[in-house]
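Okay, query-v4.cif now, which holds mmCIF, C-alpha atoms and all ligand atoms:
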```cif
data_model
loop_
_atom_site.label_atom_id
_atom_site.label_comp_id
_atom_site.auth_asym_id
_atom_site.auth_seq_id
_atom_site.Cartn_x
_atom_site.Cartn_y
_atom_site.Cartn_z
CA GLU S 24 -0.21 -3.46 -21.92
CA LYS S 25 1.76 -1.93 -19.06
CA GLY S 26 1.87 1.16 -21.25
CA GLY S 27 5.62 1.61 -20.94
CA TYR S 28 5.67 1.24 -17.15
CA ASP S 29 7.72 -1.46 -15.43
CA HIS S 30 4.75 -2.72 -13.46
CA PHE S 31 0.98 -2.50 -13.43
CA MET S 32 1.18 -1.00 -9.97
CA LEU S 33 3.21 1.96 -11.23
CA LYS S 34 0.99 2.35 -14.27
CA GLU S 35 -2.09 2.39 -12.06
CA ILE S 36 -0.53 4.89 -9.65
CA PHE S 37 0.21 7.17 -12.58
CA GLU S 38 -3.26 6.74 -14.06
CA GLN S 39 -4.85 8.42 -11.06
CA PRO S 40 -5.21 11.92 -12.49
CA GLN S 41 -7.23 10.32 -15.30
CA THR S 42 -9.15 7.79 -13.20
CA ILE S 43 -10.25 10.40 -10.67
CA TYR S 44 -11.21 12.66 -13.55
CA ASP S 45 -13.23 9.82 -15.12
CA CYS S 46 -14.90 9.17 -11.81
CA LEU S 47 -16.00 12.82 -11.46
CA ARG S 48 -16.87 13.35 -15.12
CA GLY S 49 -20.54 13.77 -15.88
CA ARG S 50 -21.31 13.73 -12.15
CA LEU S 51 -19.68 16.75 -10.59
CA ASP S 52 -20.46 20.13 -12.10
CA ALA S 53 -18.37 22.43 -9.93
CA VAL S 54 -19.31 25.54 -11.91
CA HIS S 55 -23.04 25.27 -11.22
CA GLY S 56 -22.75 23.32 -7.98
CA ASN S 57 -24.49 20.22 -9.20
CA ILE S 58 -23.79 16.58 -8.36
CA ILE S 59 -25.55 13.88 -10.33
CA LEU S 60 -25.39 10.32 -9.03
CA SER S 61 -28.08 8.65 -11.08
CA GLY S 62 -27.62 5.22 -9.49
CA MET S 63 -28.80 6.67 -6.19
CA ASN S 64 -31.81 8.71 -7.33
CA GLN S 65 -34.41 6.14 -6.41
CA TYR S 66 -33.21 6.05 -2.80
CA ALA S 67 -32.09 9.67 -2.49
CA GLU S 68 -34.75 10.56 0.08
CA GLN S 69 -34.02 7.57 2.33
CA ILE S 70 -30.28 8.12 2.17
CA MET S 71 -30.65 11.79 3.04
CA ASN S 72 -32.85 11.00 6.00
CA ALA S 73 -30.93 7.96 7.20
CA PRO S 74 -30.76 7.84 11.00
CA ARG S 75 -27.40 6.14 10.69
CA ILE S 76 -24.96 5.00 8.04
CA ILE S 77 -22.90 1.83 8.42
CA ILE S 78 -19.93 1.37 6.12
CA LEU S 79 -18.76 -2.19 5.45
CA ALA S 80 -15.58 -3.18 3.63
CA CYS S 81 -12.24 -4.97 3.92
CA GLY S 82 -8.62 -3.90 3.59
CA THR S 83 -7.91 -0.79 1.57
CA SER S 84 -11.62 -0.30 0.87
CA TRP S 85 -12.17 -0.23 4.63
CA HIS S 86 -9.65 2.60 4.84
CA ALA S 87 -11.71 4.53 2.28
CA GLY S 88 -14.67 3.91 4.59
CA LEU S 89 -12.80 5.45 7.52
CA VAL S 90 -12.09 8.61 5.53
CA ALA S 91 -15.77 8.70 4.55
CA GLU S 92 -16.82 8.44 8.19
CA TYR S 93 -14.97 11.65 9.01
CA ILE S 94 -16.28 13.42 5.89
CA ILE S 95 -19.92 12.35 6.21
CA GLU S 96 -20.12 13.15 9.92
CA GLU S 97 -18.52 16.55 9.38
CA LEU S 98 -20.58 17.59 6.36
CA CYS S 99 -23.86 15.69 6.77
CA ARG S 100 -24.13 15.35 10.57
CA ILE S 101 -25.30 11.75 10.20
CA PRO S 102 -23.72 9.23 12.60
CA VAL S 103 -21.48 6.80 10.74
CA GLU S 104 -19.99 3.49 11.81
CA VAL S 105 -17.29 1.74 9.83
CA GLU S 106 -16.81 -1.95 10.31
CA TYR S 107 -14.80 -4.78 8.85
CA ALA S 108 -17.32 -6.83 6.89
CA SER S 109 -15.91 -10.03 8.39
CA GLU S 110 -16.66 -8.84 11.93
CA PHE S 111 -20.05 -7.41 11.13
CA ARG S 112 -21.40 -10.53 9.48
CA TYR S 113 -20.66 -12.81 12.43
CA ARG S 114 -21.64 -10.68 15.39
CA ASN S 115 -25.41 -10.33 15.23
CA PRO S 116 -25.27 -6.57 14.62
CA VAL S 117 -28.13 -4.22 15.48
CA ILE S 118 -29.73 -3.02 12.26
CA HIS S 119 -32.83 -0.87 12.06
CA LYS S 120 -35.10 -0.55 9.10
CA GLY S 121 -33.99 2.52 7.21
CA ASP S 122 -30.34 2.27 8.19
CA VAL S 123 -28.19 2.85 5.16
CA ILE S 124 -25.30 0.48 4.55
CA ILE S 125 -22.51 1.59 2.25
CA ALA S 126 -20.53 -1.39 0.96
CA ILE S 127 -17.18 -0.46 -0.57
CA SER S 128 -15.39 -2.97 -2.79
CA GLN S 129 -13.06 -2.69 -5.74
CA SER S 130 -13.74 -6.21 -7.04
CA GLY S 131 -17.34 -6.41 -5.94
CA GLU S 132 -16.66 -10.05 -5.11
CA THR S 133 -15.15 -9.99 -1.61
CA ALA S 134 -16.96 -12.81 0.17
CA ASP S 135 -17.19 -11.20 3.60
CA THR S 136 -18.53 -7.93 2.22
CA LEU S 137 -21.04 -9.74 0.04
CA VAL S 138 -22.46 -11.86 2.87
CA ALA S 139 -22.48 -8.86 5.23
CA ILE S 140 -24.74 -6.90 2.89
CA GLU S 141 -27.01 -9.87 2.30
CA THR S 142 -27.50 -10.15 6.07
CA ALA S 143 -28.18 -6.44 6.45
CA LYS S 144 -30.57 -6.44 3.50
CA GLU S 145 -32.67 -9.18 5.09
CA GLN S 146 -33.02 -6.96 8.14
CA GLY S 147 -34.37 -3.98 6.22
CA ALA S 148 -31.29 -1.90 5.54
CA ILE S 149 -30.81 0.00 2.30
CA ILE S 150 -27.63 -1.09 0.57
CA LEU S 151 -25.54 1.36 -1.37
CA GLY S 152 -22.67 -0.24 -3.30
CA ILE S 153 -19.48 1.64 -4.16
CA VAL S 154 -17.90 -0.80 -6.56
CA ASN S 155 -15.34 -0.72 -9.35
CA VAL S 156 -16.17 -3.87 -11.31
CA VAL S 157 -19.37 -3.34 -13.27
CA GLY S 158 -21.94 -6.11 -12.88
CA SER S 159 -20.07 -7.76 -9.98
CA SER S 160 -21.90 -9.58 -7.19
CA ILE S 161 -21.91 -6.67 -4.72
CA ALA S 162 -23.10 -4.28 -7.42
CA ARG S 163 -25.96 -6.65 -8.25
CA LYS S 164 -26.96 -7.21 -4.62
CA SER S 165 -27.07 -3.48 -3.81
CA HIS S 166 -30.29 -1.43 -3.95
CA ALA S 167 -28.43 1.58 -5.28
CA GLY S 168 -24.89 2.65 -5.86
CA ALA S 169 -22.19 4.45 -7.73
CA TYR S 170 -19.43 2.85 -9.71
CA THR S 171 -15.91 4.16 -9.21
CA HIS S 172 -15.03 3.96 -12.93
CA ALA S 173 -11.30 3.49 -12.25
CA GLY S 174 -10.91 0.89 -15.01
CA PRO S 175 -9.45 -2.58 -14.45
CA GLU S 176 -6.99 -2.73 -11.57
CA ILE S 177 -4.42 -5.46 -12.28
CA GLY S 178 -1.84 -4.83 -9.54
CA VAL S 179 -2.86 -6.85 -6.51
CA ALA S 180 -2.41 -3.91 -4.16
CA SER S 181 -5.22 -1.44 -4.57
CA THR S 182 -4.15 2.05 -5.66
CA LYS S 183 -6.32 3.82 -8.23
CA ALA S 184 -9.46 2.08 -6.99
CA PHE S 185 -8.85 3.60 -3.55
CA THR S 186 -8.62 7.21 -4.75
CA ALA S 187 -11.69 6.67 -6.94
CA GLN S 188 -13.56 5.35 -3.89
CA LEU S 189 -12.60 8.52 -2.02
CA ALA S 190 -13.81 10.65 -4.94
CA VAL S 191 -17.20 8.91 -5.05
CA LEU S 192 -17.65 8.98 -1.28
CA THR S 193 -16.82 12.69 -1.22
CA MET S 194 -19.42 13.36 -3.93
CA ILE S 195 -22.01 11.39 -1.97
CA ALA S 196 -21.26 13.33 1.21
CA LEU S 197 -21.41 16.65 -0.61
CA LYS S 198 -24.68 15.78 -2.28
CA ILE S 199 -26.34 14.70 0.97
CA ALA S 200 -24.98 17.75 2.83
CA HIS S 201 -26.18 20.14 0.15
CA GLU S 202 -29.66 18.63 -0.01
CA LYS S 203 -30.00 18.46 3.76
CA GLY S 204 -28.67 21.96 4.14
CA SER S 205 -26.10 20.80 6.68
CA ILE S 206 -23.43 22.92 4.97
CA ASN S 207 -23.90 26.39 3.56
CA ASN S 208 -23.82 27.10 -0.13
CA GLU S 209 -20.48 28.84 -0.04
CA ARG S 210 -18.75 25.85 1.57
CA PHE S 211 -20.54 23.51 -0.83
CA MET S 212 -19.38 25.45 -3.88
CA HIS S 213 -15.86 25.68 -2.49
CA LEU S 214 -15.66 21.93 -1.87
CA CYS S 215 -17.05 21.11 -5.33
CA LYS S 216 -14.28 23.21 -6.81
CA GLU S 217 -11.67 21.63 -4.54
CA LEU S 218 -12.83 18.18 -5.63
CA ALA S 219 -12.78 19.12 -9.32
CA ASP S 220 -9.19 20.34 -8.90
CA ILE S 221 -7.97 17.02 -7.48
CA PRO S 222 -6.95 15.28 -10.75
CA GLU S 223 -4.65 18.19 -11.61
CA LYS S 224 -3.16 18.23 -8.12
CA VAL S 225 -2.59 14.46 -8.17
CA ALA S 226 -0.58 15.01 -11.37
CA LEU S 227 1.52 17.56 -9.48
CA VAL S 228 2.15 15.11 -6.64
CA LEU S 229 3.25 12.49 -9.17
CA THR S 230 6.03 14.78 -10.38
CA GLN S 231 7.78 13.91 -7.11
CA ALA S 232 8.05 10.23 -7.96
CA GLU S 233 11.81 10.43 -8.61
CA ALA S 234 12.41 12.12 -5.26
CA ILE S 235 10.35 9.43 -3.52
CA LYS S 236 12.42 6.79 -5.31
CA VAL S 237 15.52 8.31 -3.70
CA LEU S 238 13.83 8.09 -0.29
CA ALA S 239 12.99 4.45 -1.00
CA GLU S 240 16.69 3.70 -1.50
CA LYS S 241 17.46 5.43 1.76
CA TYR S 242 14.87 3.58 3.84
CA LYS S 243 14.60 0.20 2.10
CA ASP S 244 16.60 -1.72 4.69
CA ALA S 245 14.39 -0.73 7.60
CA THR S 246 12.87 -3.72 9.39
CA ASP S 247 9.86 -1.79 10.69
CA ALA S 248 8.08 1.48 10.00
CA LEU S 249 5.45 3.58 11.71
CA TYR S 250 2.86 5.68 9.87
CA LEU S 251 1.10 8.43 11.78
CA GLY S 252 -1.67 10.88 10.94
CA ARG S 253 -4.70 12.50 12.51
CA GLY S 254 -8.22 13.27 11.36
CA TYR S 255 -8.84 12.84 7.65
CA ASN S 256 -5.26 11.66 7.29
CA PHE S 257 -5.39 9.01 10.01
CA PRO S 258 -6.80 6.41 7.59
CA ILE S 259 -4.10 7.42 5.10
CA ALA S 260 -1.50 6.44 7.71
CA LEU S 261 -3.20 3.04 7.97
CA GLU S 262 -3.24 2.74 4.21
CA GLY S 263 0.45 3.72 3.95
CA ALA S 264 1.38 1.00 6.43
CA LEU S 265 -0.74 -1.59 4.63
CA LYS S 266 0.83 -0.75 1.26
CA LEU S 267 4.34 -1.05 2.70
CA LYS S 268 3.57 -4.42 4.31
CA GLU S 269 2.05 -5.84 1.14
CA ILE S 270 4.62 -4.65 -1.35
CA SER S 271 7.93 -4.51 0.52
CA TYR S 272 7.28 -7.06 3.31
CA ILE S 273 8.53 -4.53 5.85
CA HIS S 274 6.59 -4.67 9.07
CA ALA S 275 4.65 -1.43 9.38
CA GLU S 276 1.95 -0.05 11.60
CA GLY S 277 -0.39 2.85 11.12
CA TYR S 278 -1.71 4.78 14.09
CA PRO S 279 -3.58 7.94 14.89
CA ALA S 280 -0.60 10.14 15.80
CA ALA S 281 -1.81 10.80 19.34
CA GLU S 282 -2.21 7.09 20.13
CA MET S 283 1.50 6.64 19.69
CA LYS S 284 2.11 7.77 23.26
CA HIS S 285 -0.04 4.91 24.50
CA GLY S 286 2.36 2.21 23.39
CA PRO S 287 3.96 2.34 19.96
CA ILE S 288 6.38 5.08 21.01
CA ALA S 289 8.31 2.33 22.76
CA LEU S 290 9.39 1.16 19.29
CA VAL S 291 11.06 4.44 18.39
CA THR S 292 14.84 4.27 17.97
CA ASP S 293 17.29 6.00 15.65
CA THR S 294 16.72 3.33 13.02
CA LEU S 295 12.90 3.49 12.88
CA PRO S 296 11.40 5.42 9.96
CA VAL S 297 8.23 7.27 10.99
CA VAL S 298 6.10 8.60 8.17
CA PHE S 299 3.95 11.55 9.23
CA VAL S 300 0.99 12.58 7.14
CA ALA S 301 1.10 16.18 8.27
CA THR S 302 -0.57 18.31 5.64
CA LYS S 303 -2.00 21.70 6.60
CA ASP S 304 -5.40 21.09 8.19
CA SER S 305 -7.24 21.65 11.43
CA TYR S 306 -5.12 18.97 13.12
CA HIS S 307 -1.80 20.28 11.89
CA GLU S 308 -0.38 21.81 15.07
CA LYS S 309 -1.18 18.69 17.03
CA VAL S 310 0.55 16.51 14.45
CA VAL S 311 3.64 18.72 14.55
CA SER S 312 3.85 18.32 18.30
CA ASN S 313 3.62 14.53 17.85
CA MET S 314 6.48 14.87 15.38
CA GLN S 315 8.52 16.64 18.04
CA GLU S 316 7.91 13.75 20.40
CA ILE S 317 9.23 11.27 17.82
CA LYS S 318 12.23 13.42 16.96
CA ALA S 319 13.09 13.78 20.66
CA ARG S 320 13.49 9.98 20.62
CA LYS S 321 15.64 10.13 17.48
CA GLY S 322 13.14 8.52 15.10
CA ARG S 323 13.79 9.11 11.39
CA VAL S 324 10.92 11.35 10.34
CA ILE S 325 9.56 11.48 6.79
CA ALA S 326 6.97 14.24 6.73
CA VAL S 327 4.28 14.74 4.11
CA ILE S 328 3.54 18.45 4.36
CA THR S 329 1.79 21.20 2.43
CA GLU S 330 3.60 23.55 0.07
CA GLY S 331 4.41 26.81 1.80
CA ASP S 332 4.34 25.22 5.23
CA THR S 333 7.45 25.52 7.27
CA ILE S 334 8.47 22.52 9.25
CA SER S 335 11.67 23.05 11.12
CA PRO S 336 14.47 21.14 9.39
CA THR S 337 15.35 19.75 12.81
CA LEU S 338 11.98 17.99 12.93
CA ALA S 339 11.99 16.04 9.69
CA ASP S 340 14.80 14.10 8.01
CA ASP S 341 12.91 14.19 4.72
CA VAL S 342 9.87 16.03 3.43
CA ILE S 343 7.42 15.31 0.64
CA ILE S 344 5.42 18.37 -0.41
CA MET S 345 1.72 18.37 -1.31
CA PRO S 346 -0.14 21.13 -3.13
CA PRO S 347 -2.54 23.04 -0.84
CA ALA S 348 -6.03 21.51 -0.69
CA ASP S 349 -9.05 21.59 1.60
CA GLU S 350 -8.71 18.96 4.33
CA ILE S 351 -11.85 17.18 3.06
CA VAL S 352 -10.19 16.30 -0.26
CA ALA S 353 -6.55 16.16 0.90
CA PRO S 354 -6.47 12.37 1.50
CA MET S 355 -6.68 11.79 -2.26
CA LEU S 356 -3.34 13.61 -2.50
CA SER S 357 -1.55 12.40 0.61
CA THR S 358 -2.19 8.77 -0.28
CA ILE S 359 -0.10 9.08 -3.49
CA PRO S 360 3.32 9.30 -1.76
CA MET S 361 2.31 6.32 0.41
CA GLN S 362 1.73 4.27 -2.75
CA LEU S 363 4.96 5.43 -4.39
CA LEU S 364 7.10 4.82 -1.32
CA ALA S 365 5.81 1.25 -0.96
CA TYR S 366 6.23 0.65 -4.70
CA TYR S 367 9.80 1.90 -4.94
CA ILE S 368 10.89 0.10 -1.78
CA GLY S 369 9.39 -3.16 -3.08
CA VAL S 370 11.16 -2.71 -6.42
CA ALA S 371 14.45 -1.79 -4.71
CA LYS S 372 14.22 -5.02 -2.73
CA GLY S 373 13.61 -6.99 -5.91
CA TYR S 374 10.09 -8.16 -5.09
CA ASP S 375 7.24 -8.92 -7.46
CA VAL S 376 5.23 -5.81 -6.65
CA ASP S 377 2.32 -6.71 -8.94
CA LYS S 378 1.84 -10.08 -7.28
CA PRO S 379 2.98 -9.95 -3.67
CA ARG S 380 3.36 -13.31 -1.97
CA ASN S 381 0.30 -14.88 -0.35
CA LEU S 382 -2.12 -12.29 -1.73
CA ALA S 383 -4.97 -12.64 -4.22
CA LYS S 384 -6.64 -9.83 -6.12
CA SER S 385 -10.07 -10.70 -4.85
CA VAL S 386 -10.71 -12.60 -1.69
CA THR S 387 -13.69 -14.76 -2.54
CA VAL S 388 -13.27 -17.07 0.42
CA GLU S 389 -14.05 -15.97 3.95
C1 LIG S 401 -4.90 -3.90 -0.38
C2 LIG S 401 -5.98 -4.61 -1.02
C3 LIG S 401 -6.96 -5.36 -0.19
C4 LIG S 401 -8.38 -5.09 -0.70
C5 LIG S 401 -9.40 -5.95 0.07
C6 LIG S 401 -10.82 -5.63 -0.34
O1 LIG S 401 -4.06 -3.29 -1.29
O2 LIG S 401 -6.08 -4.60 -2.23
O3 LIG S 401 -6.83 -5.01 1.16
O4 LIG S 401 -8.65 -3.73 -0.53
O5 LIG S 401 -9.12 -7.31 -0.18
O6 LIG S 401 -11.01 -5.87 -1.69
P1 LIG S 401 -12.25 -5.28 -2.46
O7 LIG S 401 -12.13 -3.81 -2.45
O8 LIG S 401 -12.16 -5.87 -3.84
O9 LIG S 401 -13.49 -5.74 -1.73
#
```

Now, as a test, write the supplied structure out as structure tokens.
Amino acid sequence: EKGGYDHFMLKEIFEQPQTIYDCLRGRLDAVHGNIILSGMNQYAEQIMNAPRIIILACGTSWHAGLVAEYIIEELCRIPVEVEYASEFRYRNPVIHKGDVIIAISQSGETADTLVAIETAKEQGAIILGIVNVVGSSIARKSHAGAYTHAGPEIGVASTKAFTAQLAVLTMIALKIAHEKGSINNERFMHLCKELADIPEKVALVLTQAEAIKVLAEKYKDATDALYLGRGYNFPIALEGALKLKEISYIHAEGYPAAEMKHGPIALVTDTLPVVFVATKDSYHEKVVSNMQEIKARKGRVIAVITEGDTISPTLADDVIIMPPADEIVAPMLSTIPMQLLAYYIGVAKGYDVDKPRNLAKSVTVE
């Protein structure tokens, strides 16, 4: 049932071209510029006119929410807040009638997320569920929603569910933006095409698995690691660090690259691996200058960059190359090497990557 792979985690990482394709299929028509999300139709008007969107989730799903914040604000010009469901539910949050809450959950059973939406619902919010497990509690409690259609995720660490969440959230943002007119038609058509091309590009990224395995051997004995990114890739740095912690038990932290100067840079020595998510986007030059700051302190830089980009060999010890993609969809690509690096390091260290210690697949207790 692992389909020839050593672990479910690896199988699920490699399924992503198909799972993202399945998620987009029948919904995104990039040729005619049409996005159909039938589970949202009834609330389409309210969602489009929402004064504010609040995204609630935990863990990896919360990282998908952070990416969505950047995308929705950029394309739809609607203010977005992203909050840990566990914090939201206990802090008497301000909710106005008409606010739209997007709950993101692979399992659909995470206790904190479930209670958070129940609370918000009582106060008049519209709940939109982005859920993988069909018929799960969060799906049933939501007014409207879109399933991620990633298929069952067995590995405890979330991989394919995360990229499917990003695909759905990007479709939602594009649909709202198009209907509101907050982006022009040319940009809309371009982004639809970019999104439709993602499954193929993920397959290209996966061809680097062997090279990432070699990097895993090189860095597996590190005691700590830092993951840095900016903009759309900042949440991917957080996700990279979370994956490494879960699977390889190496202490890792993710930061927005510019925050590093405000503290974490004190950790940098010639034994610290620093993973930079530095694909070509509007933040790129800034990220490269952060990379220089790390290299000046002799950190070991692993840079995820875009094909055709030239990073001085003196800046990065190792590079992982991504196919070019619009910055809005790029996180679905740059997250793949994060997953593979964590996986191969965990395997190299002899850990049970499908069932990391102390973790459960769905956290149904608060
Ligand atoms: C990390 C991971 C967890 C989950 C979190 C939320 O790899 O799997 O952080 O993302 O427990 O779970 P769901 O999405 O089921 O609500």

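Near ligand LIG 401 (chain S), at a distance of at most 7 Å and with all atoms listed in the file counted, sit the residues Ala80, Cys81, Gly82, Thr83, Ser84, Ile127, Ser128, Gln129, Ser130, Gly131, Glu132, Thr133, Thr136, Val179, Ala180, Ser181, Thr182, Leu265, Lys266, Lys384, Ser385 and Val386 of chain S.
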
Point-to-point distance from CA of Leu363 in chain S to CA of Ala239 in chain S, Å rounded to tenths: 8.8 Å

Which residue of S:Leu364, S:Val324, S:Val342, S:Val54 approaches Ile36 in chain S most closely, using all atoms listed in the file: S:Leu364

Shortest interatomic distance to Trp85 in chain S - which of S:Val352, S:Ala126, S:Leu382, S:Val388, counting only C-alpha atoms: S:Ala126

Shell of 12 Å around Ile259 in chain S, all atoms listed in the file, local chain residues under 6 positions omitted, as a ChimeraX atom specification: /S:83-91,185-186,189,250-253,265-266,276-280,298-302,327,353-362

Residue nearest Gly26 in chain S among S:Gly373, S:Met71, S:Glu202, S:Glu38 (counting all atoms listed in the file): S:Glu38

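Checking S:Tyr367, S:Lys268, S:Glu24, S:Gln41 one by one against Glu233 in chain S, counting only C-alpha atoms, you find the shortest gap at S:Tyr367.
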
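Residues lying within 12 Å of Ala281 in chain S, counting all atoms listed in the file and ignoring same-chain neighbours fewer than 6 positions away, are Tyr250, Leu251, Gly252, Arg253, Gly254, Phe257, Pro287, Ile288, Phe299, Tyr306, Glu308, Lys309, Val310, Val311, Ser312, Asn313, Met314, Gln315, Glu316 and Ile317 of chain S.
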
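Between Tyr170 in chain S and the residues S:Asp45, S:Asp135, S:Glu104, S:Glu141, the shortest atom-to-atom distance, using only C-alpha atoms, involves S:Asp45.
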
Residues within 8 Å of (-16.2, -8.0, 6.2), counting all atoms listed in the file, listed as a list in words: Leu79, Ala80, Cys81, Glu106, Tyr107, Ala108, Ser109, Glu110, Phe111, Arg112, Ala134, Asp135, Thr136 and Ala139 of chain S

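For range 211-213 of chain S, the set of protein, DNA and RNA residues having any atom at most 10 Å away, when counting all atoms listed in the file and skipping those fewer than 6 positions along the same chain, is Asp52, Ala53, Val54, His55, Gly56, Asn57, Leu98, Leu197, Lys198, Ala200, His201, Gly204, Ser205, Ala219 and Asp349 of chain S.
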
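Minimum distance to Asp220 in chain S across S:Leu290, S:Tyr44, S:Val105, S:Ala148 (counting all atoms listed in the file) occurs at S:Tyr44.
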
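Computed from the coordinates, the CA of Ile344 in chain S to CA of Glu240 in chain S distance equals 18.5 Å.
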
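The interatomic distance for the pair CA of Lys243 in chain S and CA of Ser271 in chain S works out to 8.3 Å.
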
Taking all atoms of range 323-339 of chain S that appear in the file, build a box with edges along x, y and z, extend it by 4 Å on every side, and state its centre and edge lengths in Å to one decimal, as AutoDock Vina command-line options.
```
--center_x 8.6 --center_y 18.0 --center_z 6.5 --size_x 21.6 --size_y 25.7 --size_z 20.9
```

Counting only C-alpha atoms, which residues of range 38-111 of chain S fall within 8 Å of range 118-123 of chain S, and what is the closest atom pair for each with its distance in Å at one decimal, ordered by chain and rising number, as a tab-separated table?
```
residue	atom	partner	partner_atom	distance
S:Gln69	CA	S:Gly121	CA	7.0
S:Ile70	CA	S:Val123	CA	6.4
S:Ala73	CA	S:Asp122	CA	5.8
S:Pro74	CA	S:Asp122	CA	6.3
S:Arg75	CA	S:Asp122	CA	5.5
S:Ile76	CA	S:Val123	CA	4.8
S:Ile77	CA	S:Val123	CA	6.3
```

Point (-25.8, -1.7, -2.9) neighbourhood (12 Å, all atoms listed in the file) written as an MDAnalysis selection string: chainID S and resid 62:63 66 70 78:79 123:128 131 136:137 139:141 143:144 148:154 158:170
